[in-house]
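What follows is protein_15.csv (CSV, C-alpha atoms).
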chain,number,residue,atom,x,y,z
G,30,MET,CA,-21.1,0.4,-2.6
G,31,THR,CA,-18.8,-2.3,-3.8
G,32,GLY,CA,-15.1,-1.7,-4.5
G,33,ALA,CA,-15.8,-1.6,-8.2
G,34,GLN,CA,-18.3,1.1,-7.8
G,35,ASN,CA,-15.8,3.2,-5.8
G,36,MET,CA,-13.3,3.2,-8.6
G,37,ALA,CA,-12.5,6.0,-10.9
G,38,SER,CA,-12.7,5.4,-14.6
G,39,ASP,CA,-8.9,5.2,-14.9
G,40,ASP,CA,-8.4,2.7,-12.0
G,41,ARG,CA,-7.6,-0.9,-12.6
G,42,ILE,CA,-10.5,-3.3,-12.5
G,43,ARG,CA,-10.9,-4.7,-9.0
G,44,ASP,CA,-11.8,-8.4,-8.7
G,45,ASP,CA,-12.4,-9.3,-5.0
G,46,SER,CA,-12.3,-13.0,-5.8
G,47,ALA,CA,-8.8,-12.7,-7.3
G,48,ARG,CA,-5.6,-13.3,-5.2
G,49,CYS,CA,-4.7,-10.1,-3.3
G,50,PRO,CA,-1.7,-8.3,-4.9
G,51,CYS,CA,-0.1,-7.9,-1.5
G,52,GLY,CA,1.0,-11.6,-1.6
G,53,SER,CA,-0.8,-12.8,1.5
G,54,GLY,CA,-2.3,-15.8,-0.4
G,55,ASP,CA,-5.8,-14.7,0.4
G,56,VAL,CA,-8.3,-13.2,-2.0
G,57,LEU,CA,-8.6,-9.4,-2.3
G,58,GLY,CA,-12.1,-9.3,-0.9
G,59,ALA,CA,-10.9,-11.0,2.3
G,60,CYS,CA,-7.5,-9.3,2.5
G,61,CYS,CA,-6.8,-5.7,1.4
G,62,GLY,CA,-10.3,-5.1,-0.2
G,63,PRO,CA,-12.0,-4.0,3.1
G,64,LEU,CA,-9.1,-1.6,3.8
G,65,LEU,CA,-9.3,-0.1,0.3
G,66,ASP,CA,-13.0,0.5,1.2
G,67,GLY,CA,-12.1,2.4,4.3
G,68,ALA,CA,-11.8,-0.2,7.1
G,69,PRO,CA,-8.9,0.6,9.5
G,70,ALA,CA,-5.8,-1.6,9.4
G,71,SER,CA,-5.0,-3.5,12.6
G,72,THR,CA,-1.2,-3.1,12.2
G,73,ALA,CA,1.3,-1.0,10.3
G,74,GLU,CA,2.2,-4.1,8.1
G,75,ARG,CA,-1.5,-4.5,7.1
G,76,LEU,CA,-1.6,-0.8,6.2
G,77,MET,CA,1.6,-1.2,4.2
G,78,ARG,CA,0.2,-4.2,2.4
G,79,SER,CA,-3.0,-2.3,1.5
G,80,ARG,CA,-1.0,0.6,0.2
G,81,TYR,CA,1.0,-1.8,-2.0
G,82,THR,CA,-2.3,-3.1,-3.3
G,83,ALA,CA,-3.5,0.4,-3.9
G,84,PHE,CA,-0.4,1.1,-6.0
G,85,ALA,CA,-1.0,-2.1,-7.9
G,86,LEU,CA,-4.6,-1.2,-8.6
G,87,HIS,CA,-4.0,2.5,-9.1
G,88,ASP,CA,-6.2,3.5,-6.1
G,89,ALA,CA,-4.9,7.0,-5.4
G,90,ASP,CA,-7.9,7.6,-3.0
G,91,HIS,CA,-6.7,4.9,-0.6
G,92,LEU,CA,-3.1,6.2,-0.8
G,93,ARG,CA,-4.3,9.7,0.0
G,94,ALA,CA,-6.5,8.6,2.9
G,95,THR,CA,-3.8,6.5,4.5
G,96,TRP,CA,-1.0,9.1,4.1
G,97,HIS,CA,-0.4,11.2,7.2
G,98,PRO,CA,-1.6,14.8,6.6
G,99,SER,CA,1.8,16.2,7.7
G,100,THR,CA,3.7,14.4,4.9
G,101,ARG,CA,1.0,13.8,2.3
G,102,PRO,CA,1.9,15.2,-1.1
G,103,SER,CA,-0.7,17.5,-2.8
G,104,ASP,CA,-0.8,15.2,-5.9
G,105,ILE,CA,-0.2,11.5,-6.3
G,106,ASP,CA,0.9,10.6,-9.8
G,107,LEU,CA,0.5,6.9,-10.6
G,108,ASP,CA,2.3,5.6,-13.7
G,109,ASP,CA,-0.2,3.7,-15.8
G,110,ASP,CA,2.6,1.6,-17.5
G,111,LEU,CA,4.2,0.5,-14.2
G,112,GLU,CA,3.0,-3.0,-13.1
G,113,TRP,CA,3.7,-4.0,-9.5
G,114,ARG,CA,4.4,-7.7,-9.5
G,115,ARG,CA,5.4,-8.9,-6.0
G,116,LEU,CA,5.8,-7.7,-2.4
G,117,VAL,CA,8.3,-9.1,0.1
G,118,ILE,CA,8.2,-8.0,3.8
G,119,LEU,CA,11.8,-7.9,5.0
G,120,ASP,CA,11.5,-6.5,8.6
G,121,ARG,CA,9.0,-5.1,11.1
G,122,VAL,CA,9.6,-3.0,14.2
G,123,GLY,CA,6.6,-2.2,16.4
G,124,GLY,CA,3.5,-1.4,14.5
G,125,GLY,CA,1.2,-3.8,16.4
G,126,PRO,CA,-2.4,-3.1,17.4
G,127,PHE,CA,-1.4,-1.3,20.6
G,128,ASP,CA,1.7,0.5,19.3
G,129,ARG,CA,1.7,4.2,18.3
G,130,GLU,CA,4.6,3.8,15.9
G,131,GLY,CA,5.9,1.2,13.5
G,132,VAL,CA,8.4,0.5,10.8
G,133,VAL,CA,8.0,-1.9,7.9
G,134,GLU,CA,10.8,-2.7,5.5
G,135,PHE,CA,9.8,-4.2,2.2
G,136,GLU,CA,10.9,-4.8,-1.3
G,137,ALA,CA,8.4,-4.4,-4.1
G,138,PHE,CA,9.1,-5.8,-7.6
G,139,TRP,CA,7.9,-4.1,-10.7
G,140,ARG,CA,7.8,-4.4,-14.5
G,141,GLN,CA,7.5,-1.6,-17.1
G,142,ASP,CA,7.6,-2.5,-20.7
G,143,ASP,CA,10.7,-4.7,-21.1
G,144,ARG,CA,12.4,-3.5,-17.9
G,145,ARG,CA,12.2,-5.1,-14.4
G,146,GLY,CA,13.4,-3.9,-11.1
G,147,SER,CA,12.5,-3.5,-7.4
G,148,LEU,CA,12.0,-0.8,-4.9
G,149,ARG,CA,13.3,-1.3,-1.3
G,150,GLU,CA,11.9,1.0,1.4
G,151,ARG,CA,11.9,1.2,5.2
G,152,SER,CA,8.6,2.9,5.9
G,153,ARG,CA,7.5,4.7,9.1
G,154,PHE,CA,3.9,4.6,10.3
G,155,SER,CA,2.0,6.3,13.1
G,156,ARG,CA,-1.2,5.3,14.8
G,157,GLU,CA,-3.7,8.1,15.7
G,158,ASP,CA,-7.2,7.6,16.9
G,159,ARG,CA,-7.0,3.8,16.2
G,160,ARG,CA,-5.9,4.4,12.6
G,161,TRP,CA,-2.5,3.7,11.1
G,162,PHE,CA,-1.0,6.3,8.7
G,163,TYR,CA,2.0,6.2,6.4
G,164,LEU,CA,4.5,8.9,7.4
G,165,ASP,CA,7.5,8.5,5.1
G,166,GLY,CA,10.1,6.1,3.9
G,167,GLN,CA,13.8,5.7,3.4
G,168,ILE,CA,14.5,4.2,0.0
G,169,GLY,CA,17.6,2.1,-0.2

What does the file become when written as structure tokens?
Amino acid sequence: MTGAQNMASDDRIRDDSARCPCGSGDVLGACCGPLLDGAPASTAERLMRSRYTAFALHDADHLRATWHPSTRPSDIDLDDDLEWRRLVILDRVGGGPFDREGVVEFEAFWRQDDRRGSLRERSRFSREDRRWFYLDGQIG
């Protein structure tokens, strides 16, 4: 199945030939697209970028699948009017292919109606059975 076939009717349209929302400069199909389809992320940063892309595309399934079961909320409510515009990675600690833990600090810029703002978070990740999971984050 292609990414478009995996989407729910309320998801954003996924164009694998468009630039990836995560800001890598690559196209979605060669960047976060495979992760959204279930491929494991090689690093905590790659998982964080794919989660940002999932927020931008309203892909709640990817967010659920990559959220550690011990901290995963029962419901993920994505705001249809919120548009994620840009991602900036500020810091990384660990989170490499052979690490068990990692931290990624980022700032994500958004727009909603005529308002603009940003969210800054220091996110913690854990790797289990060769898969990275988002644990939690400290907003600030």

Exercise. Near region 116-125 of chain G, counting all atoms listed in the file, which residues have an atom at most 10 Å away, once you skip same-chain residues fewer than 2 positions from it, shown as a count of residues only?
Worked result: 40

Exercise. Could you name the residues that touch Ala83 (chain G) at 9 Å or less, counting only C-alpha atoms, but leaving out those on the same chain fewer than 5 positions away, as a VMD selection string?
Worked result: chain G and resid 50 61 65 78 88 to 92

Dump of C-alpha atoms for the selected residues, as a short mmCIF file (atom, residue, chain, number, x, y, z; two decimals), in the frame of the given file:
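Writing done, so here's part_25.cif:
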data_model
loop_
_atom_site.label_atom_id
_atom_site.label_comp_id
_atom_site.auth_asym_id
_atom_site.auth_seq_id
_atom_site.Cartn_x
_atom_site.Cartn_y
_atom_site.Cartn_z
CA PRO G 50 -1.70 -8.30 -4.90
CA CYS G 61 -6.80 -5.70 1.40
CA LEU G 65 -9.30 -0.10 0.30
CA ARG G 78 0.20 -4.20 2.40
CA ASP G 88 -6.20 3.50 -6.10
CA ALA G 89 -4.90 7.00 -5.40
CA ASP G 90 -7.90 7.60 -3.00
CA HIS G 91 -6.70 4.90 -0.60
CA LEU G 92 -3.10 6.20 -0.80
#

Exercise. Given the choices G:Thr95, G:Arg115, G:Gly166, G:Ala85, which gets closest to Ala70 (chain G) if the distance is worked out from only C-alpha atoms?
Worked result: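 Using only C-alpha atoms, Ala70 (chain G) sits closest to G:Thr95.
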
Exercise. For the atom pair CA of Asp142 (chain G) and CA of Asp110 (chain G), what is the interatomic distance in Å to one decimal place?
Worked result: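 CA of Asp142 (chain G) sits 7.2 Å away from CA of Asp110 (chain G).
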
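Surrounding residues of (-7.5, 6.9, 10.1) at most 9 Å away are Gly67, Ala68, Pro69, Ala70, Ala94, Thr95, His97, Arg156, Glu157, Asp158, Arg159, Arg160, Trp161 and Phe162 of chain G (based on all atoms listed in the file).
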
Exercise. Interatomic distance between CA of Arg140 (chain G) and CA of Glu112 (chain G)?
Worked result: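 Between these atoms lies a distance of 5.2 Å.
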
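Distance-wise, CA of Ile42 (chain G) and CA of Asp104 (chain G) end up 21.9 Å apart.
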
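Counting all atoms listed in the file, the residue from G:Cys49, G:Leu86, G:Leu111, G:Leu164 that sits nearest to Gly146 (chain G) is G:Leu111.
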
Restore N, CA, C and O atoms in region 121-145 of chain G and list the result as a compact mmCIF listing (two decimals), keeping the file's coordinate frame.
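Now in rebuild-v7.txt:
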# COMPACT_ATOMS: atom_id res chain seq x y z
N ARG G 121 10.02 -5.86 10.40
CA ARG G 121 9.00 -5.10 11.10
C ARG G 121 9.52 -4.72 12.47
O ARG G 121 10.14 -5.54 13.14
N VAL G 122 9.22 -3.49 12.87
CA VAL G 122 9.60 -3.00 14.20
C VAL G 122 8.34 -2.33 14.76
O VAL G 122 7.87 -1.35 14.17
N GLY G 123 7.80 -2.84 15.86
CA GLY G 123 6.60 -2.20 16.40
C GLY G 123 5.45 -2.40 15.39
O GLY G 123 5.40 -3.35 14.63
N GLY G 124 4.55 -1.43 15.43
CA GLY G 124 3.50 -1.40 14.50
C GLY G 124 2.32 -2.37 14.79
O GLY G 124 1.47 -2.63 13.94
N GLY G 125 2.28 -2.88 16.02
CA GLY G 125 1.20 -3.80 16.40
C GLY G 125 -0.06 -3.03 16.77
O GLY G 125 -0.11 -1.79 16.75
N PRO G 126 -1.12 -3.77 17.11
CA PRO G 126 -2.40 -3.10 17.40
C PRO G 126 -2.42 -2.15 18.54
O PRO G 126 -3.31 -1.30 18.62
N PHE G 127 -1.45 -2.23 19.45
CA PHE G 127 -1.40 -1.30 20.60
C PHE G 127 -0.24 -0.36 20.56
O PHE G 127 -0.04 0.40 21.50
N ASP G 128 0.55 -0.41 19.49
CA ASP G 128 1.70 0.50 19.30
C ASP G 128 1.23 1.82 18.75
O ASP G 128 0.19 1.90 18.10
N ARG G 129 2.03 2.85 18.94
CA ARG G 129 1.70 4.20 18.30
C ARG G 129 2.59 4.42 17.11
O ARG G 129 2.28 5.27 16.31
N GLU G 130 3.69 3.66 17.00
CA GLU G 130 4.60 3.80 15.90
C GLU G 130 4.99 2.45 15.35
O GLU G 130 4.95 1.47 16.09
N GLY G 131 5.39 2.41 14.10
CA GLY G 131 5.90 1.20 13.50
C GLY G 131 6.73 1.43 12.31
O GLY G 131 6.65 2.49 11.70
N VAL G 132 7.54 0.44 11.99
CA VAL G 132 8.40 0.50 10.80
C VAL G 132 8.22 -0.83 10.07
O VAL G 132 8.19 -1.90 10.70
N VAL G 133 8.07 -0.74 8.76
CA VAL G 133 8.00 -1.90 7.90
C VAL G 133 8.97 -1.74 6.77
O VAL G 133 8.89 -0.74 6.06
N GLU G 134 9.87 -2.69 6.64
CA GLU G 134 10.80 -2.70 5.50
C GLU G 134 10.33 -3.69 4.49
O GLU G 134 9.99 -4.82 4.85
N PHE G 135 10.32 -3.30 3.24
CA PHE G 135 9.80 -4.20 2.20
C PHE G 135 10.61 -4.01 0.91
O PHE G 135 11.34 -3.03 0.74
N GLU G 136 10.45 -4.97 0.02
CA GLU G 136 10.90 -4.80 -1.30
C GLU G 136 9.77 -5.16 -2.26
O GLU G 136 9.11 -6.19 -2.11
N ALA G 137 9.50 -4.25 -3.18
CA ALA G 137 8.40 -4.40 -4.10
C ALA G 137 9.00 -4.50 -5.53
O ALA G 137 9.79 -3.65 -5.94
N PHE G 138 8.60 -5.54 -6.24
CA PHE G 138 9.10 -5.80 -7.60
C PHE G 138 8.16 -5.29 -8.63
O PHE G 138 6.95 -5.45 -8.50
N TRP G 139 8.72 -4.69 -9.68
CA TRP G 139 7.90 -4.10 -10.70
C TRP G 139 8.39 -4.45 -12.10
O TRP G 139 9.49 -4.95 -12.28
N ARG G 140 7.49 -4.18 -13.06
CA ARG G 140 7.80 -4.40 -14.50
C ARG G 140 7.22 -3.18 -15.23
O ARG G 140 6.09 -2.76 -14.95
N GLN G 141 7.99 -2.68 -16.19
CA GLN G 141 7.50 -1.60 -17.10
C GLN G 141 8.08 -1.84 -18.44
O GLN G 141 9.30 -1.81 -18.62
N ASP G 142 7.18 -2.10 -19.38
CA ASP G 142 7.60 -2.50 -20.70
C ASP G 142 8.53 -3.69 -20.64
O ASP G 142 8.13 -4.70 -20.09
N ASP G 143 9.75 -3.59 -21.14
CA ASP G 143 10.70 -4.70 -21.10
C ASP G 143 11.67 -4.63 -19.93
O ASP G 143 12.59 -5.41 -19.83
N ARG G 144 11.47 -3.67 -19.03
CA ARG G 144 12.40 -3.50 -17.90
C ARG G 144 11.73 -4.08 -16.63
O ARG G 144 10.51 -4.07 -16.48
N ARG G 145 12.60 -4.55 -15.74
CA ARG G 145 12.20 -5.10 -14.40
C ARG G 145 13.08 -4.49 -13.38
O ARG G 145 14.24 -4.19 -13.63
